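Trainee: File name query_6.cif; file contents mmCIF, C-alpha atoms and all ligand atoms; full text below.
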```cif
data_upload
#
loop_
_atom_site.label_atom_id
_atom_site.label_comp_id
_atom_site.auth_asym_id
_atom_site.auth_seq_id
_atom_site.Cartn_x
_atom_site.Cartn_y
_atom_site.Cartn_z
CA MET S 341 -18.90 11.35 24.75
CA PRO S 342 -21.08 9.70 22.10
CA PHE S 343 -18.28 7.61 20.53
CA THR S 344 -16.54 4.48 21.75
CA HIS S 345 -13.06 5.31 20.47
CA ILE S 346 -11.45 8.50 21.75
CA PRO S 347 -9.51 10.33 19.03
CA VAL S 348 -5.82 11.01 19.46
CA LEU S 349 -4.94 14.23 21.37
CA TYR S 350 -8.65 14.96 21.42
CA ARG S 351 -8.95 17.60 24.15
CA GLN S 352 -5.81 19.50 23.12
CA THR S 353 -6.86 19.61 19.46
CA ILE S 354 -10.33 20.97 20.20
CA ASP S 355 -8.94 23.49 22.71
CA PHE S 356 -6.41 24.83 20.20
CA LEU S 357 -8.98 25.07 17.41
CA ARG S 358 -11.32 26.89 19.88
CA PRO S 359 -14.45 26.41 17.79
CA VAL S 360 -17.13 29.13 18.03
CA SER S 361 -20.83 29.06 17.20
CA ASN S 362 -21.46 30.07 13.62
CA GLY S 363 -17.86 29.07 12.74
CA ARG S 364 -16.89 27.03 9.68
CA TYR S 365 -14.42 24.17 10.09
CA ILE S 366 -12.82 21.62 7.82
CA ASP S 367 -11.92 18.16 9.06
CA GLY S 368 -9.61 16.92 6.29
CA THR S 369 -9.33 13.38 7.68
CA PHE S 370 -12.81 12.49 8.93
CA GLY S 371 -12.19 8.82 9.87
CA ALA S 372 -14.76 7.73 12.45
CA GLY S 373 -15.72 11.37 12.95
CA GLY S 374 -14.44 11.69 16.53
CA HIS S 375 -12.69 15.03 16.14
CA SER S 376 -15.57 16.34 14.01
CA ILE S 377 -18.00 15.63 16.84
CA GLY S 378 -15.74 17.57 19.20
CA ILE S 379 -15.74 20.56 16.83
CA LEU S 380 -19.52 20.37 16.38
CA GLN S 381 -20.10 20.15 20.13
CA ALA S 382 -17.86 23.12 20.83
CA SER S 383 -19.35 25.21 18.00
CA ALA S 384 -23.00 24.60 18.97
CA PRO S 385 -25.60 25.60 18.07
CA ASP S 386 -24.74 26.54 14.52
CA GLY S 387 -21.09 25.85 13.68
CA HIS S 388 -20.57 23.79 10.52
CA VAL S 389 -18.02 21.17 9.50
CA LEU S 390 -16.98 20.12 6.02
CA ALA S 391 -15.31 16.72 6.27
CA PHE S 392 -13.08 14.93 3.77
CA ASP S 393 -12.05 11.30 3.61
CA LYS S 394 -10.65 9.27 0.72
CA ASP S 395 -12.23 6.15 2.17
CA PRO S 396 -15.93 5.79 1.24
CA GLU S 397 -16.43 3.34 4.11
CA ALA S 398 -15.14 5.92 6.61
CA ILE S 399 -17.62 8.49 5.28
CA THR S 400 -20.54 6.06 5.69
CA PHE S 401 -19.46 4.94 9.14
CA GLY S 402 -18.48 8.41 10.37
CA MET S 403 -21.72 10.01 9.22
CA GLY S 404 -23.57 7.20 11.03
CA GLN S 405 -21.94 8.47 14.26
CA MET S 406 -23.12 12.07 13.90
CA GLY S 407 -26.56 11.69 15.52
CA GLU S 408 -27.87 15.09 16.59
CA TYR S 409 -25.03 16.84 14.72
CA GLU S 410 -25.87 15.42 11.30
CA GLY S 411 -27.52 18.61 10.05
CA ARG S 412 -24.35 20.65 10.65
CA ILE S 413 -21.85 18.46 8.81
CA THR S 414 -21.26 17.67 5.14
CA ALA S 415 -18.89 14.84 4.21
CA VAL S 416 -17.10 14.57 0.89
CA ASN S 417 -15.39 11.43 -0.42
CA ALA S 418 -12.22 13.10 -1.70
CA SER S 419 -8.63 13.85 -0.73
CA TYR S 420 -8.02 16.78 1.55
CA ALA S 421 -5.26 17.69 -0.92
CA ASP S 422 -8.08 18.88 -3.22
CA MET S 423 -9.86 20.98 -0.58
CA GLU S 424 -9.05 24.31 -2.19
CA SER S 425 -11.04 23.44 -5.31
CA ILE S 426 -13.85 21.55 -3.50
CA ALA S 427 -14.55 23.52 -0.30
CA PRO S 428 -15.72 26.83 -1.87
CA ALA S 429 -18.55 25.02 -3.69
CA HIS S 430 -19.84 24.05 -0.21
CA GLY S 431 -19.59 27.62 1.09
CA PHE S 432 -16.25 26.98 2.84
CA ASP S 433 -13.86 29.51 1.36
CA GLN S 434 -12.86 31.55 4.43
CA VAL S 435 -12.81 29.09 7.28
CA ASP S 436 -12.22 29.39 11.02
CA GLY S 437 -10.29 26.19 11.55
CA ILE S 438 -8.87 23.16 9.78
CA LEU S 439 -7.80 19.83 11.24
CA LEU S 440 -5.66 17.12 9.68
CA ASP S 441 -5.23 13.93 11.72
CA LEU S 442 -2.95 12.08 9.32
CA GLY S 443 -2.48 8.41 8.56
CA LEU S 444 -4.92 5.58 9.00
CA SER S 445 -7.73 4.91 11.46
CA SER S 446 -7.95 1.98 13.84
CA ARG S 447 -11.04 0.81 11.95
CA GLN S 448 -8.97 0.53 8.78
CA LEU S 449 -6.13 -1.19 10.63
CA ASP S 450 -8.46 -3.70 12.29
CA ASN S 451 -10.23 -4.73 9.07
CA ALA S 452 -8.28 -7.70 7.63
CA GLN S 453 -9.73 -7.19 4.16
CA ARG S 454 -8.13 -3.76 3.86
CA GLY S 455 -4.67 -5.33 4.12
CA PHE S 456 -3.09 -2.71 6.41
CA SER S 457 -2.10 -5.01 9.25
CA PHE S 458 0.49 -7.76 9.49
CA MET S 459 -1.49 -9.13 12.44
CA ARG S 460 -4.49 -10.02 10.26
CA ASP S 461 -4.37 -12.07 7.10
CA GLY S 462 -5.82 -10.43 4.02
CA GLN S 463 -5.01 -9.27 0.51
CA LEU S 464 -2.16 -6.74 0.41
CA ASP S 465 -4.33 -3.76 -0.53
CA MET S 466 -3.73 -0.74 1.80
CA ARG S 467 -5.58 1.81 -0.35
CA PHE S 468 -7.55 4.41 1.63
CA ASP S 469 -9.79 4.60 -1.42
CA PRO S 470 -10.22 0.98 -2.54
CA THR S 471 -11.66 2.07 -5.90
CA GLN S 472 -8.52 3.82 -7.13
CA GLY S 473 -4.82 3.38 -7.71
CA GLU S 474 -2.27 0.64 -7.18
CA THR S 475 -2.44 -1.75 -4.24
CA ALA S 476 0.45 -2.73 -1.98
CA ALA S 477 0.56 -6.08 -3.83
CA ASP S 478 1.00 -4.19 -7.13
CA LEU S 479 4.03 -2.40 -5.66
CA ILE S 480 5.47 -5.51 -4.03
CA ASN S 481 5.16 -7.59 -7.21
CA ASN S 482 6.00 -5.05 -9.91
CA LEU S 483 8.59 -2.58 -8.60
CA THR S 484 12.28 -3.16 -9.14
CA GLU S 485 14.43 -4.19 -6.18
CA SER S 486 15.96 -0.74 -5.92
CA GLU S 487 12.56 1.02 -6.14
CA LEU S 488 11.31 -1.18 -3.31
CA ALA S 489 14.45 -0.54 -1.25
CA ASN S 490 14.00 3.22 -1.69
CA ILE S 491 10.41 3.10 -0.47
CA ILE S 492 11.36 1.01 2.58
CA TRP S 493 14.27 3.33 3.36
CA ARG S 494 12.46 6.63 2.82
CA TYR S 495 9.00 5.94 4.30
CA GLY S 496 9.87 3.13 6.69
CA GLU S 497 13.22 4.57 7.80
CA ASP S 498 14.40 0.97 7.97
CA ARG S 499 18.15 0.45 7.65
CA ARG S 500 17.65 -3.09 6.38
CA SER S 501 15.87 -1.77 3.28
CA ARG S 502 18.20 -3.31 0.68
CA LYS S 503 18.23 -6.73 2.28
CA MET S 504 14.45 -6.65 2.69
CA ALA S 505 13.88 -5.63 -0.93
CA ARG S 506 16.17 -8.45 -2.13
CA LEU S 507 14.27 -10.99 -0.03
CA ILE S 508 10.89 -9.77 -1.32
CA VAL S 509 11.97 -9.87 -4.97
CA ALA S 510 13.37 -13.39 -4.56
CA ASN S 511 10.06 -14.63 -3.14
CA ARG S 512 7.55 -12.98 -5.48
CA PRO S 513 4.66 -13.18 -6.12
CA ILE S 514 3.45 -12.14 -2.65
CA ASN S 515 -0.21 -11.23 -2.35
CA SER S 516 -1.21 -11.59 1.29
CA THR S 517 -0.30 -9.72 4.45
CA HIS S 518 0.61 -12.88 6.34
CA ARG S 519 2.81 -14.24 3.57
CA LEU S 520 4.76 -10.98 3.51
CA ALA S 521 4.93 -10.61 7.30
CA ASN S 522 5.94 -14.27 7.82
CA LEU S 523 8.66 -14.04 5.19
CA ILE S 524 10.18 -11.01 6.91
CA ALA S 525 9.75 -12.53 10.38
CA GLN S 526 11.41 -15.82 9.34
CA LYS S 527 14.40 -14.28 7.57
CA MET S 528 14.95 -10.98 9.28
CA SER S 529 13.87 -11.19 12.89
CA ASN S 530 16.12 -9.56 15.43
CA PRO S 531 15.65 -10.58 19.08
CA ARG S 532 16.87 -7.14 20.25
CA ARG S 533 14.01 -5.33 18.53
CA ARG S 534 10.71 -5.13 20.43
CA ILE S 535 8.54 -4.43 17.38
CA HIS S 536 7.55 -6.92 14.66
CA PRO S 537 10.27 -6.92 11.97
CA ALA S 538 7.70 -6.00 9.27
CA THR S 539 6.32 -2.93 11.09
CA GLN S 540 8.29 -0.33 9.14
CA LEU S 541 7.84 -2.18 5.85
CA PHE S 542 4.05 -2.10 6.26
CA GLN S 543 4.15 1.60 7.16
CA ALA S 544 6.33 2.35 4.12
CA LEU S 545 4.02 0.48 1.74
CA ARG S 546 0.94 2.29 3.09
CA ILE S 547 2.56 5.71 2.68
CA ALA S 548 3.66 4.88 -0.88
CA VAL S 549 0.32 3.35 -1.93
CA ASN S 550 -1.62 6.39 -0.75
CA HIS S 551 0.93 9.06 -1.79
CA GLU S 552 0.64 10.36 1.76
CA LEU S 553 3.60 12.73 1.68
CA GLU S 554 2.45 14.28 -1.59
CA ALA S 555 -0.97 14.87 0.00
CA VAL S 556 0.67 16.59 2.99
CA GLU S 557 2.82 18.76 0.71
CA THR S 558 -0.17 19.89 -1.39
CA GLY S 559 -2.91 19.80 1.23
CA ILE S 560 -1.37 21.81 4.05
CA PRO S 561 -0.55 24.89 1.93
CA ALA S 562 -4.06 24.59 0.41
CA ALA S 563 -5.58 24.50 3.88
CA ILE S 564 -3.63 27.60 4.92
CA ASN S 565 -4.98 29.43 1.84
CA LEU S 566 -8.55 28.65 2.92
CA LEU S 567 -8.14 30.00 6.46
CA LYS S 568 -9.47 33.43 7.28
CA PRO S 569 -7.33 35.81 9.39
CA GLY S 570 -7.39 34.47 12.94
CA GLY S 571 -8.33 30.98 11.68
CA ARG S 572 -6.24 28.06 12.96
CA ILE S 573 -4.75 24.96 11.42
CA ALA S 574 -4.02 21.90 13.57
CA VAL S 575 -2.01 18.99 12.18
CA ILE S 576 -1.50 15.68 13.97
CA SER S 577 1.24 13.63 12.32
CA PHE S 578 2.61 10.18 13.11
CA HIS S 579 5.67 10.10 10.88
CA SER S 580 8.85 12.12 11.22
CA LEU S 581 8.84 13.14 7.55
CA GLU S 582 5.34 14.59 7.88
CA ASP S 583 6.11 16.32 11.15
CA ARG S 584 9.31 17.80 9.72
CA PHE S 585 7.40 19.18 6.72
CA VAL S 586 4.77 20.80 8.97
CA LYS S 587 7.41 22.25 11.29
CA GLN S 588 9.45 23.73 8.44
CA LEU S 589 6.42 25.09 6.56
CA PHE S 590 5.01 26.76 9.68
CA ARG S 591 8.43 28.20 10.47
CA ARG S 592 8.93 29.53 6.92
CA LEU S 593 5.50 31.15 6.83
CA THR S 594 6.09 32.97 10.11
CA LYS S 595 9.27 34.66 8.83
CA THR S 596 9.37 38.43 8.39
CA CYS S 597 12.52 38.41 6.25
CA ILE S 598 13.97 35.85 3.85
CA CYS S 599 16.96 37.90 2.64
CA PRO S 600 20.35 36.12 2.65
CA PRO S 601 21.79 36.27 6.20
CA ARG S 602 24.80 38.42 5.14
CA GLN S 603 22.69 41.10 3.46
CA PRO S 604 22.87 44.22 5.69
CA ILE S 605 19.46 45.68 4.81
CA CYS S 606 16.23 43.81 4.25
CA THR S 607 14.89 44.21 0.72
CA CYS S 608 12.56 41.23 0.51
CA ASP S 609 9.46 42.88 1.97
CA THR S 610 8.22 39.49 3.17
CA LYS S 611 4.94 39.47 5.04
CA PRO S 612 4.42 36.53 7.40
CA THR S 613 1.30 34.46 6.74
CA LEU S 614 1.17 32.56 10.02
CA LYS S 615 1.76 32.85 13.74
CA ARG S 616 2.92 29.64 15.42
CA ILE S 617 0.67 28.68 18.33
CA THR S 618 2.72 25.66 19.38
CA ARG S 619 6.50 26.12 19.35
CA LYS S 620 7.13 22.50 20.32
CA PRO S 621 4.83 19.72 19.16
CA ILE S 622 2.15 18.61 21.61
CA GLN S 623 2.43 14.93 22.53
CA ALA S 624 0.19 12.47 24.33
CA ASN S 625 0.58 12.36 28.11
CA GLU S 626 1.40 9.22 30.00
CA GLN S 627 -2.21 8.23 30.55
CA GLU S 628 -3.20 8.59 26.87
CA SER S 629 -0.05 6.74 25.78
CA LYS S 630 -0.95 3.88 28.08
CA GLU S 631 -4.60 3.73 27.00
CA ASN S 632 -3.87 4.17 23.29
CA PRO S 633 -0.36 3.03 22.25
CA ARG S 634 -0.85 4.56 18.78
CA SER S 635 -0.94 8.03 20.36
CA ARG S 636 2.71 7.66 21.44
CA SER S 637 4.00 8.76 18.05
CA ALA S 638 1.44 11.56 17.54
CA ARG S 639 2.72 15.14 17.23
CA LEU S 640 0.26 18.06 17.16
CA ARG S 641 1.31 21.41 15.69
CA VAL S 642 -0.96 24.44 15.48
CA ALA S 643 -0.63 27.77 13.67
CA GLU S 644 -2.88 30.80 13.19
CA LYS S 645 -3.42 32.77 9.98
CA LEU S 646 -2.45 36.42 10.23
C1 LIG S 701 -6.29 8.92 11.84
S1 LIG S 701 -7.74 8.77 10.89
C2 LIG S 701 -8.71 10.10 11.41
C3 LIG S 701 -9.47 9.83 12.68
C4 LIG S 701 -10.44 10.94 13.04
N1 LIG S 701 -9.75 12.15 13.40
C5 LIG S 701 -11.35 10.53 14.15
O1 LIG S 701 -11.43 11.23 15.16
O2 LIG S 701 -12.01 9.50 14.02
C6 LIG S 701 -7.21 9.28 9.32
C7 LIG S 701 -8.29 9.23 8.23
O3 LIG S 701 -7.81 10.05 7.16
C8 LIG S 701 -8.13 9.45 5.94
N2 LIG S 701 -7.18 9.98 4.97
C9 LIG S 701 -5.86 9.72 4.85
N3 LIG S 701 -5.33 10.43 3.85
C10 LIG S 701 -6.32 11.19 3.34
C11 LIG S 701 -6.38 12.16 2.29
N4 LIG S 701 -5.33 12.48 1.55
N5 LIG S 701 -7.57 12.77 2.08
C12 LIG S 701 -8.67 12.45 2.81
N6 LIG S 701 -8.66 11.52 3.79
C13 LIG S 701 -7.50 10.91 4.05
C14 LIG S 701 -8.03 7.97 6.18
O4 LIG S 701 -8.84 7.27 5.25
C15 LIG S 701 -8.56 7.87 7.63
O5 LIG S 701 -9.94 7.61 7.63
#
```
Here is a file; write its structure as structure tokens.
Ligand SMILES: C[S@@+](CC[C@H](N)C(=O)[O-])C[C@H]1O[C@@H](n2cnc3c(N)ncnc32)[C@H](O)[C@@H]1O

Mentor:
Amino acid sequence: MPFTHIPVLYRQTIDFLRPVSNGRYIDGTFGAGGHSIGILQASAPDGHVLAFDKDPEAITFGMGQMGEYEGRITAVNASYADMESIAPAHGFDQVDGILLDLGLSSRQLDNAQRGFSFMRDGQLDMRFDPTQGETAADLINNLTESELANIIWRYGEDRRSRKMARLIVANRPINSTHRLANLIAQKMSNPRRRIHPATQLFQALRIAVNHELEAVETGIPAAINLLKPGGRIAVISFHSLEDRFVKQLFRRLTKTCICPPRQPICTCDTKPTLKRITRKPIQANEQESKENPRSRSARLRVAEKL
């Protein structure tokens, strides 16, 4: 394989998408381009990929990885949530497969200046696109205590959300990752928990800063609209809220009837849009989980357009 980092659930994702030569594929979350390379390899000699990433640095780095495949991939610095308006202009209006590998990349996590990691000191930024929108520091320093608590509760699923929000507000301003992480570690550490006490807080801030759930809720229906009959969508999620949305959307779009359960005769004339290819989410096996701890929370779901 030409890349150093192996993407999460790599083999399973490519096998489910089953790329064919001459096919057209969208990679909505390009990152370092690992999954795109897999699609390009499997769709040789003339399959094409249209890739999206909000992070301009990811586009530059990922395209630098494409080597012999460069001529068969176009990368756009935009949100996958906007794919329905952007893709047709690139000739991608009836596509054979779409992949979304949600969340952040290890390159983003490892770069202290991006402010995603409590392990590395940097400005609390966390924007996938550093040219737009509010930073994590903006949220930390400007939201009310109850707004902060709601974000920590909803996106971090952390039961200590109210206490954490109170602590943050009492210690503002907070502008660096280490200052925030140390504050939480000093005041809220729990010896029974194996993870760093700020883990869920950092996840919650990242999801809020990047409006990640809104992107999922707009982008996945848009992706399904762009698929041609027989085309497949594969979504890898790392958060239970995202996975639940994908599961429920796929389930709803496979239904043949949405009449109330007590109604004796069907009058809704519903036509299913999708066939589910995976009934249960695909998860990393033991070996992948050991080699790449991040893969442990990955859930892959795949559906096919009818
Ligand atoms: C987990 S990484 C993808 C890794 C990639 N599959 C690979 O093999 O290298 C997720 C990427 O999606 C990008 N991203 C997150 N939300 C996005 C959105 N709404 N639109 C476009 N890109 C997004 C992030 O900037 C990040 O680069």

Trainee: Excluding region 379-384 of chain S and its own-chain neighbours fewer than 3 positions away, which residues fall within 12 Å of it when counting only C-alpha atoms? Please give them as an MDAnalysis selection string.

Mentor: chainID S and resid 341:342 350:367 370 373:376 387:391 406:414 436:439

Trainee: Restricting the calculation to all atoms listed in the file: of S:Gln603, S:Ser529, S:Thr558, S:Thr618, which residue gets closest to ligand LIG 701 (chain S)?

Mentor: S:Thr558

Trainee: Which value, in Å to one decimal, gives the distance between CA of Phe458 (chain S) and CA of Asn522 (chain S)?

Mentor: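 For CA of Phe458 (chain S) relative to CA of Asn522 (chain S), the distance reads 8.7 Å.
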
Trainee: What residues of the protein or nucleic acid chains come within 6 Å of ligand LIG 701 (chain S) when you use all atoms listed in the file? Reply as a list of chain:residue names.

Mentor: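 Written in the requested form, the residues are S:Pro347, S:Gly368, S:Thr369, S:Phe370, S:Gly371, S:Ala372, S:Gly373, S:Gly374, S:His375, S:Phe392, S:Asp393, S:Lys394, S:Asp395, S:Ala398, S:Ala418, S:Ser419, S:Tyr420, S:Ala421, S:Asp441, S:Leu442, S:Gly443, S:Leu444, S:Ser445, S:Phe468, S:Ala555.
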
Trainee: Fewer than 2 positions away in the same chain doesn't count, so skip those; otherwise give me all residues within 10 Å of region 620-632 of chain S, counting only C-alpha atoms, as a PDB file with C-alpha atoms, keeping the file's coordinate frame.

Mentor:
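Once written, part-v3.pdb looks like this:
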```pdb
ATOM      1  CA  HIS S 345     -13.060   5.310  20.470  1.00  0.00           C
ATOM      2  CA  ILE S 346     -11.450   8.500  21.750  1.00  0.00           C
ATOM      3  CA  PRO S 347      -9.510  10.330  19.030  1.00  0.00           C
ATOM      4  CA  VAL S 348      -5.820  11.010  19.460  1.00  0.00           C
ATOM      5  CA  LEU S 349      -4.940  14.230  21.370  1.00  0.00           C
ATOM      6  CA  TYR S 350      -8.650  14.960  21.420  1.00  0.00           C
ATOM      7  CA  GLN S 352      -5.810  19.500  23.120  1.00  0.00           C
ATOM      8  CA  THR S 353      -6.860  19.610  19.460  1.00  0.00           C
ATOM      9  CA  VAL S 575      -2.010  18.990  12.180  1.00  0.00           C
ATOM     10  CA  ILE S 576      -1.500  15.680  13.970  1.00  0.00           C
ATOM     11  CA  SER S 577       1.240  13.630  12.320  1.00  0.00           C
ATOM     12  CA  ASP S 583       6.110  16.320  11.150  1.00  0.00           C
ATOM     13  CA  LYS S 587       7.410  22.250  11.290  1.00  0.00           C
ATOM     14  CA  ARG S 616       2.920  29.640  15.420  1.00  0.00           C
ATOM     15  CA  ILE S 617       0.670  28.680  18.330  1.00  0.00           C
ATOM     16  CA  THR S 618       2.720  25.660  19.380  1.00  0.00           C
ATOM     17  CA  ARG S 634      -0.850   4.560  18.780  1.00  0.00           C
ATOM     18  CA  SER S 635      -0.940   8.030  20.360  1.00  0.00           C
ATOM     19  CA  ARG S 636       2.710   7.660  21.440  1.00  0.00           C
ATOM     20  CA  SER S 637       4.000   8.760  18.050  1.00  0.00           C
ATOM     21  CA  ALA S 638       1.440  11.560  17.540  1.00  0.00           C
ATOM     22  CA  ARG S 639       2.720  15.140  17.230  1.00  0.00           C
ATOM     23  CA  LEU S 640       0.260  18.060  17.160  1.00  0.00           C
ATOM     24  CA  ARG S 641       1.310  21.410  15.690  1.00  0.00           C
ATOM     25  CA  VAL S 642      -0.960  24.440  15.480  1.00  0.00           C
TER      26      VAL S 642
END
```

Trainee: I'd like the interatomic distance between CA of Leu553 (chain S) and CA of Leu488 (chain S), to a tenth of an Å.

Mentor: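 Answer for the CA of Leu553 (chain S) to CA of Leu488 (chain S) separation: 16.7 Å.
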
Trainee: Just give me the gap between CA of Ala477 (chain S) and CA of Arg502 (chain S) in Å, one decimal is fine.

Mentor: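 CA of Arg502 (chain S) lies at a distance of 18.4 Å from CA of Ala477 (chain S).
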
Trainee: Check the smallest atom-to-atom distance from each of S:Val586, S:Ala563, S:Met504, S:Leu593 to Ala427 (chain S) using only C-alpha atoms, then report the winner.

Mentor: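 With only C-alpha atoms as the atom set, the closest residue is S:Ala563.
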
Trainee: Do you know which residues lie at most 12 Å from (-16.7, 1.9, 3.6), with coordinates as in the file and all atoms listed in the file counted, and could you write them as a ChimeraX atom specification?

Mentor: /S:371-372,393-404,417,447-448,451,453-454,467-471

Trainee: Which one of S:Thr517, S:Ser457, S:Gln526, S:Gln588 sits closest to Gln543 (chain S) if you count all atoms listed in the file?

Mentor: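 Counting all atoms listed in the file, the residue closest to Gln543 (chain S) is S:Ser457.
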
Trainee: Just checking: using only C-alpha atoms, which residue out of S:Val549, S:Arg572, S:Ala505, S:Asp386 ends up closest to Asn490 (chain S)?

Mentor: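 Residue with the minimum atom-to-atom distance to Asn490 (chain S): S:Ala505.
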
Trainee: Using all atoms listed in the file for the distances, tell me which of S:Ala574, S:Ala562, S:Leu440, S:Ile598 is nearest to Ala643 (chain S).

Mentor: S:Ala574

Trainee: Closest to Arg512 (chain S) among S:Arg619, S:Lys611, S:Ala544, S:Asn481, using only C-alpha atoms?

Mentor: S:Asn481

Trainee: Contacts of Cys597 (chain S) at 7 Å or less, counting all atoms listed in the file, minus same-chain residues fewer than 4 places along, as a list in words?

Mentor: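 Residues near the query, excluding close chain neighbours: Cys606, Cys608, Asp609 and Thr610 of chain S.
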